[in-house]
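**Q** See start_0.cif below, with mmCIF, C-alpha atoms.
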data_my_file
#
loop_
_atom_site.group_PDB
_atom_site.id
_atom_site.type_symbol
_atom_site.label_atom_id
_atom_site.label_comp_id
_atom_site.auth_asym_id
_atom_site.auth_seq_id
_atom_site.Cartn_x
_atom_site.Cartn_y
_atom_site.Cartn_z
ATOM 1 C CA MET A 1 0.000 0.000 0.000
ATOM 2 C CA ARG A 2 1.100 3.567 -0.657
ATOM 3 C CA PRO A 3 2.408 5.155 2.544
ATOM 4 C CA GLU A 4 0.506 8.003 4.162
ATOM 5 C CA ARG A 5 3.757 9.940 4.004
ATOM 6 C CA ARG A 6 5.336 10.932 0.725
ATOM 7 C CA LEU A 7 7.674 8.863 -1.443
ATOM 8 C CA SER A 8 9.599 10.685 -4.156
ATOM 9 C CA VAL A 9 12.535 10.243 -6.548
ATOM 10 C CA LEU A 10 15.798 12.164 -6.966
ATOM 11 C CA PHE A 11 17.367 12.664 -10.378
ATOM 12 C CA PRO A 12 20.742 11.233 -9.397
ATOM 13 C CA HIS A 13 23.318 13.597 -10.906
ATOM 14 C CA MET A 14 23.824 16.855 -12.770
ATOM 15 C CA VAL A 15 21.996 16.917 -16.097
ATOM 16 C CA ARG A 16 24.165 15.568 -18.890
ATOM 17 C CA GLU A 17 21.489 15.035 -21.523
ATOM 18 C CA PRO A 18 17.810 16.042 -21.565
ATOM 19 C CA ASP A 19 16.596 12.577 -22.572
ATOM 20 C CA GLU A 20 17.765 11.111 -19.252
ATOM 21 C CA LEU A 21 15.811 13.767 -17.402
ATOM 22 C CA LEU A 22 12.701 13.053 -19.479
ATOM 23 C CA ARG A 23 12.935 9.345 -18.645
ATOM 24 C CA VAL A 24 13.105 9.951 -14.903
ATOM 25 C CA ALA A 25 10.248 12.462 -15.076
ATOM 26 C CA GLY A 26 8.175 9.908 -16.956
ATOM 27 C CA LEU A 27 8.850 7.317 -14.266
ATOM 28 C CA VAL A 28 7.717 9.750 -11.566
ATOM 29 C CA ARG A 29 4.553 10.574 -13.492
ATOM 30 C CA ASP A 30 3.649 6.987 -14.336
ATOM 31 C CA SER A 31 4.579 5.382 -11.003
ATOM 32 C CA GLY A 32 2.582 7.763 -8.848
ATOM 33 C CA ALA A 33 5.671 8.951 -6.964
ATOM 34 C CA ASP A 34 4.934 12.211 -5.207
ATOM 35 C CA ARG A 35 7.658 14.457 -6.594
ATOM 36 C CA LEU A 36 10.758 14.645 -8.787
ATOM 37 C CA TRP A 37 13.688 16.163 -6.931
ATOM 38 C CA MET A 38 16.946 17.482 -8.327
ATOM 39 C CA GLY A 39 20.116 18.694 -6.702
ATOM 40 C CA GLN A 40 21.987 21.789 -7.778
ATOM 41 C CA SER A 41 22.995 21.215 -11.389
ATOM 42 C CA LEU A 42 25.657 23.418 -12.952
ATOM 43 C CA THR A 43 25.720 21.678 -16.328
ATOM 44 C CA VAL A 44 22.099 22.393 -17.255
ATOM 45 C CA GLU A 45 20.962 24.697 -14.448
ATOM 46 C CA THR A 46 18.304 23.106 -12.233
ATOM 47 C CA HIS A 47 15.482 25.615 -12.604
ATOM 48 C CA GLN A 48 15.913 25.620 -16.374
ATOM 49 C CA ALA A 49 15.979 21.828 -16.483
ATOM 50 C CA LEU A 50 12.719 21.626 -14.531
ATOM 51 C CA ALA A 51 11.152 24.305 -16.731
ATOM 52 C CA TYR A 52 12.207 22.252 -19.754
ATOM 53 C CA LEU A 53 10.345 19.265 -18.337
ATOM 54 C CA ALA A 54 7.176 21.304 -17.966
ATOM 55 C CA GLY A 55 7.480 22.531 -21.544
ATOM 56 C CA ALA A 56 7.961 18.929 -22.694
ATOM 57 C CA GLY A 57 4.634 17.973 -21.088
ATOM 58 C CA HIS A 58 5.835 16.709 -17.704
ATOM 59 C CA ARG A 59 3.947 19.136 -15.447
ATOM 60 C CA ILE A 60 4.693 17.255 -12.253
ATOM 61 C CA PRO A 61 5.559 18.377 -8.706
ATOM 62 C CA VAL A 62 9.260 19.166 -8.418
ATOM 63 C CA GLY A 63 11.793 19.983 -5.721
ATOM 64 C CA LEU A 64 15.354 21.280 -5.383
ATOM 65 C CA SER A 65 17.637 19.673 -2.835
ATOM 66 C CA VAL A 66 19.734 21.594 -2.114
ATOM 67 C CA ALA A 67 20.223 24.759 -4.183
ATOM 68 C CA LEU A 68 23.226 26.930 -3.361
ATOM 69 C CA MET A 69 22.341 30.392 -2.119
ATOM 70 C CA ALA A 70 25.703 31.863 -3.154
ATOM 71 C CA LEU A 71 24.555 31.578 -6.766
ATOM 72 C CA ARG A 72 21.627 34.001 -6.532
ATOM 73 C CA HIS A 73 20.053 36.804 -4.539
ATOM 74 C CA PRO A 74 16.845 35.837 -2.688
ATOM 75 C CA TYR A 75 14.891 38.075 -5.082
ATOM 76 C CA ASP A 76 16.030 35.944 -8.013
ATOM 77 C CA ALA A 77 15.379 32.775 -5.988
ATOM 78 C CA ALA A 78 11.785 33.904 -5.383
ATOM 79 C CA ALA A 79 11.312 34.725 -9.077
ATOM 80 C CA GLN A 80 12.694 31.316 -10.058
ATOM 81 C CA ALA A 81 10.426 29.489 -7.604
ATOM 82 C CA ARG A 82 7.340 31.369 -8.778
ATOM 83 C CA SER A 83 8.263 30.619 -12.395
ATOM 84 C CA LEU A 84 8.307 26.886 -11.629
ATOM 85 C CA ALA A 85 4.946 27.174 -9.887
ATOM 86 C CA VAL A 86 3.403 28.801 -12.972
ATOM 87 C CA LEU A 87 5.008 26.408 -15.461
ATOM 88 C CA THR A 88 4.357 23.156 -13.579
ATOM 89 C CA GLY A 89 1.030 24.059 -11.942
ATOM 90 C CA HIS A 90 2.336 22.757 -8.607
ATOM 91 C CA PRO A 91 4.087 24.493 -5.701
ATOM 92 C CA PRO A 92 7.767 23.533 -5.968
ATOM 93 C CA VAL A 93 9.844 22.710 -2.919
ATOM 94 C CA VAL A 94 12.927 24.901 -3.098
ATOM 95 C CA ALA A 95 15.527 24.180 -0.418
ATOM 96 C CA TYR A 96 18.659 26.270 -0.040
ATOM 97 C CA GLY A 97 21.965 25.725 1.710
ATOM 98 C CA ALA A 98 25.128 27.709 2.387
ATOM 99 C CA ALA A 99 27.366 25.298 0.401
ATOM 100 C CA GLU A 100 30.940 24.467 1.262
ATOM 101 C CA PRO A 101 32.958 27.405 2.646
ATOM 102 C CA GLU A 102 35.364 27.108 -0.288
ATOM 103 C CA PHE A 103 32.511 27.474 -2.797
ATOM 104 C CA ALA A 104 31.005 30.497 -1.038
ATOM 105 C CA THR A 105 34.455 32.081 -0.764
ATOM 106 C CA ALA A 106 35.150 31.551 -4.465
ATOM 107 C CA LEU A 107 31.976 33.477 -5.367
ATOM 108 C CA ASN A 108 31.625 35.972 -2.521
ATOM 109 C CA GLY A 109 35.201 36.460 -1.391
ATOM 110 C CA THR A 110 34.470 35.082 2.063
ATOM 111 C CA PRO A 111 32.481 32.200 3.590
ATOM 112 C CA TYR A 112 29.312 32.801 5.571
ATOM 113 C CA ALA A 113 30.446 33.512 9.116
ATOM 114 C CA ARG A 114 27.218 32.054 10.535
ATOM 115 C CA PRO A 115 25.776 29.670 7.911
ATOM 116 C CA ALA A 116 22.586 28.843 9.836
ATOM 117 C CA SER A 117 21.727 32.520 10.319
ATOM 118 C CA ALA A 118 22.569 33.248 6.681
ATOM 119 C CA VAL A 119 20.267 30.506 5.387
ATOM 120 C CA ALA A 120 17.477 31.570 7.744
ATOM 121 C CA GLU A 121 17.679 35.193 6.579
ATOM 122 C CA TYR A 122 17.796 34.100 2.933
ATOM 123 C CA ILE A 123 14.692 31.936 3.059
ATOM 124 C CA ARG A 124 12.771 34.448 5.180
ATOM 125 C CA VAL A 125 13.377 37.143 2.569
ATOM 126 C CA MET A 126 12.508 34.737 -0.226
ATOM 127 C CA GLY A 127 9.256 33.781 1.501
ATOM 128 C CA ARG A 128 8.243 37.396 2.043
ATOM 129 C CA LEU A 129 8.841 38.164 -1.630
ATOM 130 C CA LEU A 130 6.482 35.347 -2.606
ATOM 131 C CA GLU A 131 3.786 36.494 -0.171
ATOM 132 C CA GLU A 132 3.969 40.299 -0.106
ATOM 133 C CA ASP A 133 3.528 42.974 -2.791
ATOM 134 C CA ARG A 134 6.434 45.013 -1.450
ATOM 135 C CA VAL A 135 9.335 44.044 0.782
ATOM 136 C CA ASP A 136 11.682 46.337 2.673
ATOM 137 C CA HIS A 137 14.484 44.279 4.199
ATOM 138 C CA ARG A 138 17.868 45.473 5.417
ATOM 139 C CA GLY A 139 19.543 42.517 7.071
ATOM 140 C CA PRO A 140 23.080 41.496 7.971
ATOM 141 C CA LEU A 141 23.623 39.858 4.552
ATOM 142 C CA PHE A 142 20.769 40.673 2.206
ATOM 143 C CA HIS A 143 19.012 43.845 1.117
ATOM 144 C CA VAL A 144 15.676 44.356 -0.620
ATOM 145 C CA GLY A 145 14.655 47.989 -0.857
ATOM 146 C CA ARG A 146 10.898 48.491 -1.008
ATOM 147 C CA MET A 147 10.214 46.295 -3.990
ATOM 148 C CA GLY A 148 8.414 43.102 -4.907
ATOM 149 C CA LEU A 149 7.979 40.688 -7.775
ATOM 150 C CA PRO A 150 6.007 42.092 -10.715
ATOM 151 C CA ARG A 151 2.413 40.959 -10.678
ATOM 152 C CA LEU A 152 1.314 38.176 -12.976
ATOM 153 C CA ALA A 153 -1.679 38.428 -15.273
ATOM 154 C CA THR A 154 -4.900 38.022 -13.306
ATOM 155 C CA ASP A 155 -5.645 34.735 -15.059
ATOM 156 C CA ALA A 156 -2.158 33.254 -14.559
ATOM 157 C CA PRO A 157 -2.400 29.766 -13.014
ATOM 158 C CA LEU A 158 -0.627 30.056 -9.672
ATOM 159 C CA PRO A 159 -0.892 27.337 -7.016
ATOM 160 C CA THR A 160 -1.407 28.071 -3.333
ATOM 161 C CA PRO A 161 1.017 28.172 -1.661
ATOM 162 C CA VAL A 162 3.257 29.418 -4.423
ATOM 163 C CA ALA A 163 6.167 27.319 -3.116
ATOM 164 C CA GLU A 164 7.435 25.448 -0.095
ATOM 165 C CA ILE A 165 10.716 27.005 0.948
ATOM 166 C CA GLY A 166 13.209 24.715 2.602
ATOM 167 C CA ALA A 167 16.670 24.548 4.114
ATOM 168 C CA GLY A 168 19.283 21.830 4.016
ATOM 169 C CA VAL A 169 19.586 20.515 7.582
ATOM 170 C CA LEU A 170 22.186 18.204 9.119
ATOM 171 C CA ARG A 171 22.933 19.467 12.626
ATOM 172 C CA PRO A 172 20.949 20.988 15.512
ATOM 173 C CA GLY A 173 21.981 24.612 14.929
ATOM 174 C CA MET A 174 20.708 24.600 11.353
ATOM 175 C CA ALA A 175 17.629 22.652 12.478
ATOM 176 C CA ARG A 176 16.728 25.368 14.989
ATOM 177 C CA ALA A 177 17.207 28.051 12.327
ATOM 178 C CA ALA A 178 15.092 26.094 9.837
ATOM 179 C CA GLY A 179 12.406 25.505 12.453
ATOM 180 C CA ALA A 180 12.018 29.261 12.799
ATOM 181 C CA SER A 181 11.995 30.053 9.095
ATOM 182 C CA ALA A 182 11.418 27.113 6.705
ATOM 183 C CA ASP A 183 8.465 25.133 5.419
ATOM 184 C CA VAL A 184 10.592 22.026 4.811
ATOM 185 C CA ALA A 185 13.818 20.700 6.344
ATOM 186 C CA VAL A 186 15.738 18.596 3.816
ATOM 187 C CA THR A 187 18.275 16.086 5.145
ATOM 188 C CA TRP A 188 20.813 13.761 3.485
ATOM 189 C CA LEU A 189 22.379 10.614 4.966
ATOM 190 C CA THR A 190 20.673 11.233 8.307
ATOM 191 C CA PRO A 191 20.022 8.081 10.385
ATOM 192 C CA PRO A 192 16.338 7.812 11.360
ATOM 193 C CA PRO A 193 17.062 7.724 15.142
ATOM 194 C CA TYR A 194 19.185 10.866 14.769
ATOM 195 C CA VAL A 195 16.338 12.657 12.991
ATOM 196 C CA ARG A 196 13.889 11.529 15.683
ATOM 197 C CA ASP A 197 16.041 12.286 18.723
ATOM 198 C CA THR A 198 18.144 15.255 17.611
ATOM 199 C CA LEU A 199 16.806 17.081 14.565
ATOM 200 C CA LEU A 200 13.071 16.947 15.251
ATOM 201 C CA PRO A 201 13.419 18.416 18.778
ATOM 202 C CA ALA A 202 15.654 21.183 17.404
ATOM 203 C CA LEU A 203 13.202 21.916 14.584
ATOM 204 C CA SER A 204 10.357 22.049 17.105
ATOM 205 C CA ALA A 205 12.318 24.371 19.402
ATOM 206 C CA GLY A 206 13.032 26.738 16.525
ATOM 207 C CA ALA A 207 9.409 26.715 15.418
ATOM 208 C CA THR A 208 8.167 27.354 18.955
ATOM 209 C CA SER A 209 10.527 30.319 19.354
ATOM 210 C CA ALA A 210 9.045 31.875 16.221
ATOM 211 C CA GLY A 211 5.421 30.981 17.010
ATOM 212 C CA ARG A 212 4.987 28.828 13.930
ATOM 213 C CA THR A 213 4.384 25.233 12.923
ATOM 214 C CA ARG A 214 7.372 22.883 12.753
ATOM 215 C CA PRO A 215 8.615 22.313 9.189
ATOM 216 C CA ARG A 216 8.012 18.922 7.672
ATOM 217 C CA VAL A 217 11.078 16.756 7.020
ATOM 218 C CA ALA A 218 12.141 15.351 3.656
ATOM 219 C CA THR A 219 15.095 12.952 3.741
ATOM 220 C CA VAL A 220 17.121 11.911 0.697
ATOM 221 C CA VAL A 221 17.907 8.203 1.066
ATOM 222 C CA HIS A 222 20.476 6.239 -0.937
ATOM 223 C CA ALA A 223 18.976 2.943 -2.089
ATOM 224 C CA ALA A 224 20.025 0.005 -4.243
ATOM 225 C CA LEU A 225 18.610 -3.458 -4.836
ATOM 226 C CA ASP A 226 20.530 -6.690 -4.316
ATOM 227 C CA ARG A 227 21.031 -8.027 -7.835
ATOM 228 C CA ASP A 228 23.595 -10.266 -9.530
ATOM 229 C CA GLY A 229 27.000 -8.660 -9.891
ATOM 230 C CA ARG A 230 26.484 -6.015 -7.210
ATOM 231 C CA ASN A 231 28.386 -5.311 -4.037
ATOM 232 C CA ALA A 232 26.647 -3.348 -1.289
ATOM 233 C CA LEU A 233 29.831 -1.919 0.219
ATOM 234 C CA LEU A 234 31.193 -0.795 -3.145
ATOM 235 C CA LEU A 235 27.906 0.877 -4.023
ATOM 236 C CA ALA A 236 27.736 2.628 -0.662
ATOM 237 C CA GLN A 237 31.346 3.766 -0.956
ATOM 238 C CA LEU A 238 30.920 5.131 -4.488
ATOM 239 C CA GLY A 239 27.451 6.511 -3.833
ATOM 240 C CA ALA A 240 28.114 8.350 -0.599
ATOM 241 C CA GLY A 241 31.892 8.626 -0.438
ATOM 242 C CA GLU A 242 32.043 12.242 -1.592
ATOM 243 C CA HIS A 243 29.684 13.279 1.195
ATOM 244 C CA LEU A 244 31.690 11.346 3.777
ATOM 245 C CA ARG A 245 34.735 13.419 2.877
ATOM 246 C CA VAL A 246 32.872 16.626 3.775
ATOM 247 C CA HIS A 247 33.245 17.674 7.404
ATOM 248 C CA HIS A 248 29.637 18.505 8.242
ATOM 249 C CA TYR A 249 28.396 15.151 6.944
ATOM 250 C CA SER A 250 30.998 13.087 8.778
ATOM 251 C CA ASP A 251 30.490 15.198 11.909
ATOM 252 C CA MET A 252 26.733 14.628 11.764
ATOM 253 C CA LEU A 253 27.167 10.880 11.369
ATOM 254 C CA ARG A 254 29.597 10.680 14.280
ATOM 255 C CA ARG A 255 27.132 12.660 16.416
ATOM 256 C CA ALA A 256 24.617 9.976 15.452
ATOM 257 C CA GLY A 257 26.960 7.293 16.795
ATOM 258 C CA LEU A 258 28.503 5.979 13.572
ATOM 259 C CA ASP A 259 32.190 5.239 13.225
ATOM 260 C CA VAL A 260 32.860 7.068 9.942
ATOM 261 C CA HIS A 261 36.099 8.665 8.802
ATOM 262 C CA ALA A 262 37.259 10.076 5.480
ATOM 263 C CA SER A 263 40.441 8.031 5.866
ATOM 264 C CA ASP A 264 38.471 4.759 6.021
ATOM 265 C CA PRO A 265 36.023 4.712 3.094
ATOM 266 C CA VAL A 266 35.420 0.948 3.282
ATOM 267 C CA GLY A 267 34.630 0.941 7.003
ATOM 268 C CA SER A 268 32.478 4.045 6.623
ATOM 269 C CA ALA A 269 30.506 2.444 3.796
ATOM 270 C CA ARG A 270 29.959 -0.646 5.955
ATOM 271 C CA GLU A 271 28.540 1.588 8.710
ATOM 272 C CA LEU A 272 26.075 3.169 6.285
ATOM 273 C CA VAL A 273 24.818 -0.215 5.085
ATOM 274 C CA GLU A 274 24.660 -1.856 8.512
ATOM 275 C CA GLU A 275 22.838 1.104 10.063
ATOM 276 C CA GLY A 276 20.211 1.275 7.314
ATOM 277 C CA ILE A 277 21.312 4.655 5.983
ATOM 278 C CA PHE A 278 22.343 3.228 2.620
ATOM 279 C CA LEU A 279 19.392 0.910 1.976
ATOM 280 C CA TYR A 280 20.358 -2.326 0.238
ATOM 281 C CA GLY A 281 18.566 -5.620 -0.260
ATOM 282 C CA LYS A 282 15.511 -7.076 -1.927
ATOM 283 C CA PRO A 283 12.615 -4.699 -2.676
ATOM 284 C CA GLY A 284 10.846 -5.692 0.528
ATOM 285 C CA ASP A 285 13.991 -5.032 2.564
ATOM 286 C CA VAL A 286 14.384 -1.553 1.101
ATOM 287 C CA ALA A 287 10.689 -0.877 1.649
ATOM 288 C CA ALA A 288 11.102 -1.834 5.316
ATOM 289 C CA GLY A 289 13.995 0.622 5.568
ATOM 290 C CA ILE A 290 11.834 3.357 4.088
ATOM 291 C CA ARG A 291 9.115 2.618 6.632
ATOM 292 C CA ALA A 292 11.701 2.921 9.407
ATOM 293 C CA HIS A 293 12.319 6.476 8.227
ATOM 294 C CA TYR A 294 8.586 7.224 8.406
ATOM 295 C CA GLU A 295 8.382 5.716 11.878
ATOM 296 C CA ALA A 296 11.138 8.096 12.998
ATOM 297 C CA GLY A 297 8.942 11.055 12.027
ATOM 298 C CA ILE A 298 10.217 11.738 8.523
ATOM 299 C CA ASP A 299 7.436 13.001 6.267
ATOM 300 C CA GLU A 300 8.932 12.381 2.828
ATOM 301 C CA VAL A 301 11.538 9.892 1.660
ATOM 302 C CA VAL A 302 13.339 10.813 -1.557
ATOM 303 C CA LEU A 303 14.876 7.766 -3.234
ATOM 304 C CA ASN A 304 18.406 8.441 -4.465
ATOM 305 C CA PRO A 305 19.666 5.819 -6.980
ATOM 306 C CA PHE A 306 22.957 7.629 -7.602
ATOM 307 C CA ALA A 307 25.202 4.697 -6.710
ATOM 308 C CA VAL A 308 23.527 2.314 -9.137
ATOM 309 C CA ALA A 309 23.409 4.962 -11.869
ATOM 310 C CA ARG A 310 27.117 5.606 -11.397
ATOM 311 C CA VAL A 311 28.214 1.971 -11.399
ATOM 312 C CA HIS A 312 25.604 0.187 -13.525
ATOM 313 C CA GLY A 313 23.970 2.956 -15.572
ATOM 314 C CA MET A 314 20.677 4.810 -15.649
ATOM 315 C CA ASP A 315 18.646 1.844 -16.960
ATOM 316 C CA ALA A 316 19.611 -0.186 -13.891
ATOM 317 C CA ALA A 317 18.901 2.747 -11.578
ATOM 318 C CA LEU A 318 15.423 3.269 -13.018
ATOM 319 C CA SER A 319 14.697 -0.451 -12.760
ATOM 320 C CA ASP A 320 15.576 -0.323 -9.061
ATOM 321 C CA VAL A 321 13.357 2.684 -8.454
ATOM 322 C CA ARG A 322 10.408 1.058 -10.245
ATOM 323 C CA ASP A 323 10.730 -2.115 -8.195
ATOM 324 C CA ILE A 324 10.997 -0.204 -4.911
ATOM 325 C CA LEU A 325 7.991 1.983 -5.726
ATOM 326 C CA ALA A 326 6.037 -1.131 -6.705
ATOM 327 C CA GLU A 327 6.319 -2.326 -3.071
ATOM 328 C CA PHE A 328 4.068 0.606 -2.154
ATOM 329 C CA ALA A 329 1.634 0.340 -5.090
#
Take the structure from the file and write it as structure tokens.

**A**
Amino acid sequence: MRPERRLSVLFPHMVREPDELLRVAGLVRDSGADRLWMGQSLTVETHQALAYLAGAGHRIPVGLSVALMALRHPYDAAAQARSLAVLTGHPPVVAYGAAEPEFATALNGTPYARPASAVAEYIRVMGRLLEEDRVDHRGPLFHVGRMGLPRLATDAPLPTPVAEIGAGVLRPGMARAAGASADVAVTWLTPPPYVRDTLLPALSAGATSAGRTRPRVATVVHAALDRDGRNALLLAQLGAGEHLRVHHYSDMLRRAGLDVHASDPVGSARELVEEGIFLYGKPGDVAAGIRAHYEAGIDEVVLNPFAVARVHGMDAALSDVRDILAEFA
């Protein structure tokens, strides 16, 4: 049976060719998955790729996880989100993050001194621009001087809400900031008990401090099926290894009790598989792992077939996703 909570699909890498994107969008449409998510693509830019899908006839719900705020002012981010809402007919989920300090420094000359505060200010300004005719904001990082988005034609199809604005969340400080400012908290590689015991309380505390409802949680989950010629540890290592080399991911996982280290990719991959963070097994096994995420309080699981796509190709990745979704049909 389809879960009460949402089950979606991530396009697994930057866009290399439009036909691949069309195939994944078709799978989402035909399988009844809730949403097609994409990460930040710098080959074909993400917003333009999703607009292309809508123009090609795939007017499906979409989400960005996680866009990089250093690339655009919140005014442009609001305009991009509203454009997707008009073109797809659905409110997009648009989650932003501060990116790696090196990336922010390369574009801005300096990293964000307080990333959680920077993201919170960014998405608050973006949200106001989508809701208000005129915004006057003079904050520590961003400025909008008494202006708003131009009005659409009165008959323009615009969903309500226009968009769900999210933040990438891994640790309690960002969770508290997102709780006070975001509609959605988007997590990657987060163990279900860690979400339940650490992130959800921090999200709730942030929401309470701002007098608002706690954001829902969408978690991107690596998944692969046990098929001939596959190795779970190799897939986990190649699928999640780049994240494990980034400090805030490894720090989060160690806070959650995992023994992960950039210097030990094999042992770290084993931890991900054994702890049910990289889901591997028969379709029923992976479905049970997805349900464990729901039981921890996660509202939306986003299937990420990146490892299989990288090692065995997109056809194999799409076959896995179809078989996993079929467990919930």

**Q** Go through region 120-214 of chain A residue by residue and, counting all atoms listed in the file, keep those with an atom at most 12 Å from region 258-282 of chain A; for each kept residue give the shortest atom pair and its distance in Å to one decimal, ordered by chain and increasing number, as JSON lines.

**A**
{"residue": "A:Thr187", "atom": "CA", "partner": "A:Ile277", "partner_atom": "CA", "distance": 11.9}
{"residue": "A:Trp188", "atom": "CA", "partner": "A:Ile277", "partner_atom": "CA", "distance": 9.5}
{"residue": "A:Leu189", "atom": "CA", "partner": "A:Ile277", "partner_atom": "CA", "distance": 6.1}
{"residue": "A:Thr190", "atom": "CA", "partner": "A:Ile277", "partner_atom": "CA", "distance": 7.0}
{"residue": "A:Pro191", "atom": "CA", "partner": "A:Ile277", "partner_atom": "CA", "distance": 5.7}
{"residue": "A:Pro192", "atom": "CA", "partner": "A:Ile277", "partner_atom": "CA", "distance": 8.0}
{"residue": "A:Pro193", "atom": "CA", "partner": "A:Glu275", "partner_atom": "CA", "distance": 10.1}
{"residue": "A:Tyr194", "atom": "CA", "partner": "A:Leu258", "partner_atom": "CA", "distance": 10.6}
{"residue": "A:Val195", "atom": "CA", "partner": "A:Ile277", "partner_atom": "CA", "distance": 11.7}

**Q** Residues picked by the PyMOL selection byres ((chain A and resi 181) around 8) here, as JSON, numbers by chain?

**A** {"A": [120, 123, 124, 177, 178, 179, 180, 182, 183, 207, 210]}

**Q** I'd like the neighbourhood of Gly166 (chain A) as a count of residues only, where a residue qualifies if any of its atoms comes within 12 Å (using only C-alpha atoms), though same-chain residues fewer than 6 positions away should be ignored.

**A** 41

**Q** Any chance you could resolve the PyMOL selection byres ((chain A and resi 136-151) around 10) against this file and give the residues as a PyMOL selection string?

**A** chain A and resi 73-76+78-79+82+112+117-119+121-122+125+128-135+152-154+156

**Q** CA of Ala33 (chain A) and CA of Leu7 (chain A) are how many Å apart?

**A**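 Rounded to one decimal, the two atoms are 5.9 Å apart.
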
**Q** Could you give me region 229-241 of chain A completed to N, CA, C and O atoms, formatted as a PDB file, in the frame of the given file?

**A**
ATOM      1  N   GLY A 229      25.882  -9.490  -9.493  1.00  0.00           N
ATOM      2  CA  GLY A 229      27.000  -8.660  -9.891  1.00  0.00           C
ATOM      3  C   GLY A 229      27.164  -7.388  -9.094  1.00  0.00           C
ATOM      4  O   GLY A 229      27.995  -6.540  -9.452  1.00  0.00           O
ATOM      5  N   ARG A 230      26.404  -7.238  -8.008  1.00  0.00           N
ATOM      6  CA  ARG A 230      26.484  -6.015  -7.210  1.00  0.00           C
ATOM      7  C   ARG A 230      27.133  -6.287  -5.858  1.00  0.00           C
ATOM      8  O   ARG A 230      27.045  -7.395  -5.331  1.00  0.00           O
ATOM      9  N   ASN A 231      27.733  -5.243  -5.337  1.00  0.00           N
ATOM     10  CA  ASN A 231      28.386  -5.311  -4.037  1.00  0.00           C
ATOM     11  C   ASN A 231      27.903  -4.129  -3.210  1.00  0.00           C
ATOM     12  O   ASN A 231      28.119  -2.974  -3.586  1.00  0.00           O
ATOM     13  N   ALA A 232      27.254  -4.409  -2.082  1.00  0.00           N
ATOM     14  CA  ALA A 232      26.647  -3.348  -1.289  1.00  0.00           C
ATOM     15  C   ALA A 232      27.680  -2.341  -0.803  1.00  0.00           C
ATOM     16  O   ALA A 232      27.456  -1.125  -0.852  1.00  0.00           O
ATOM     17  N   LEU A 233      28.833  -2.828  -0.337  1.00  0.00           N
ATOM     18  CA  LEU A 233      29.831  -1.919   0.219  1.00  0.00           C
ATOM     19  C   LEU A 233      30.433  -1.031  -0.865  1.00  0.00           C
ATOM     20  O   LEU A 233      30.679   0.162  -0.642  1.00  0.00           O
ATOM     21  N   LEU A 234      30.664  -1.599  -2.037  1.00  0.00           N
ATOM     22  CA  LEU A 234      31.193  -0.795  -3.145  1.00  0.00           C
ATOM     23  C   LEU A 234      30.191   0.280  -3.548  1.00  0.00           C
ATOM     24  O   LEU A 234      30.561   1.451  -3.766  1.00  0.00           O
ATOM     25  N   LEU A 235      28.916  -0.106  -3.646  1.00  0.00           N
ATOM     26  CA  LEU A 235      27.906   0.877  -4.023  1.00  0.00           C
ATOM     27  C   LEU A 235      27.794   1.989  -2.981  1.00  0.00           C
ATOM     28  O   LEU A 235      27.696   3.167  -3.326  1.00  0.00           O
ATOM     29  N   ALA A 236      27.821   1.615  -1.714  1.00  0.00           N
ATOM     30  CA  ALA A 236      27.736   2.628  -0.662  1.00  0.00           C
ATOM     31  C   ALA A 236      28.953   3.545  -0.695  1.00  0.00           C
ATOM     32  O   ALA A 236      28.833   4.766  -0.514  1.00  0.00           O
ATOM     33  N   GLN A 237      30.123   2.963  -0.928  1.00  0.00           N
ATOM     34  CA  GLN A 237      31.346   3.766  -0.956  1.00  0.00           C
ATOM     35  C   GLN A 237      31.329   4.740  -2.127  1.00  0.00           C
ATOM     36  O   GLN A 237      31.647   5.929  -1.970  1.00  0.00           O
ATOM     37  N   LEU A 238      30.935   4.267  -3.314  1.00  0.00           N
ATOM     38  CA  LEU A 238      30.920   5.131  -4.488  1.00  0.00           C
ATOM     39  C   LEU A 238      29.729   6.086  -4.482  1.00  0.00           C
ATOM     40  O   LEU A 238      29.803   7.181  -5.034  1.00  0.00           O
ATOM     41  N   GLY A 239      28.640   5.662  -3.850  1.00  0.00           N
ATOM     42  CA  GLY A 239      27.451   6.511  -3.833  1.00  0.00           C
ATOM     43  C   GLY A 239      27.503   7.625  -2.821  1.00  0.00           C
ATOM     44  O   GLY A 239      26.976   8.715  -3.052  1.00  0.00           O
ATOM     45  N   ALA A 240      28.122   7.359  -1.677  1.00  0.00           N
ATOM     46  CA  ALA A 240      28.114   8.350  -0.599  1.00  0.00           C
ATOM     47  C   ALA A 240      29.499   8.820  -0.197  1.00  0.00           C
ATOM     48  O   ALA A 240      29.621   9.667   0.697  1.00  0.00           O
ATOM     49  N   GLY A 241      30.532   8.312  -0.855  1.00  0.00           N
ATOM     50  CA  GLY A 241      31.892   8.626  -0.438  1.00  0.00           C
ATOM     51  C   GLY A 241      32.227  10.097  -0.491  1.00  0.00           C
ATOM     52  O   GLY A 241      32.930  10.617   0.385  1.00  0.00           O
TER      53      GLY A 241
END
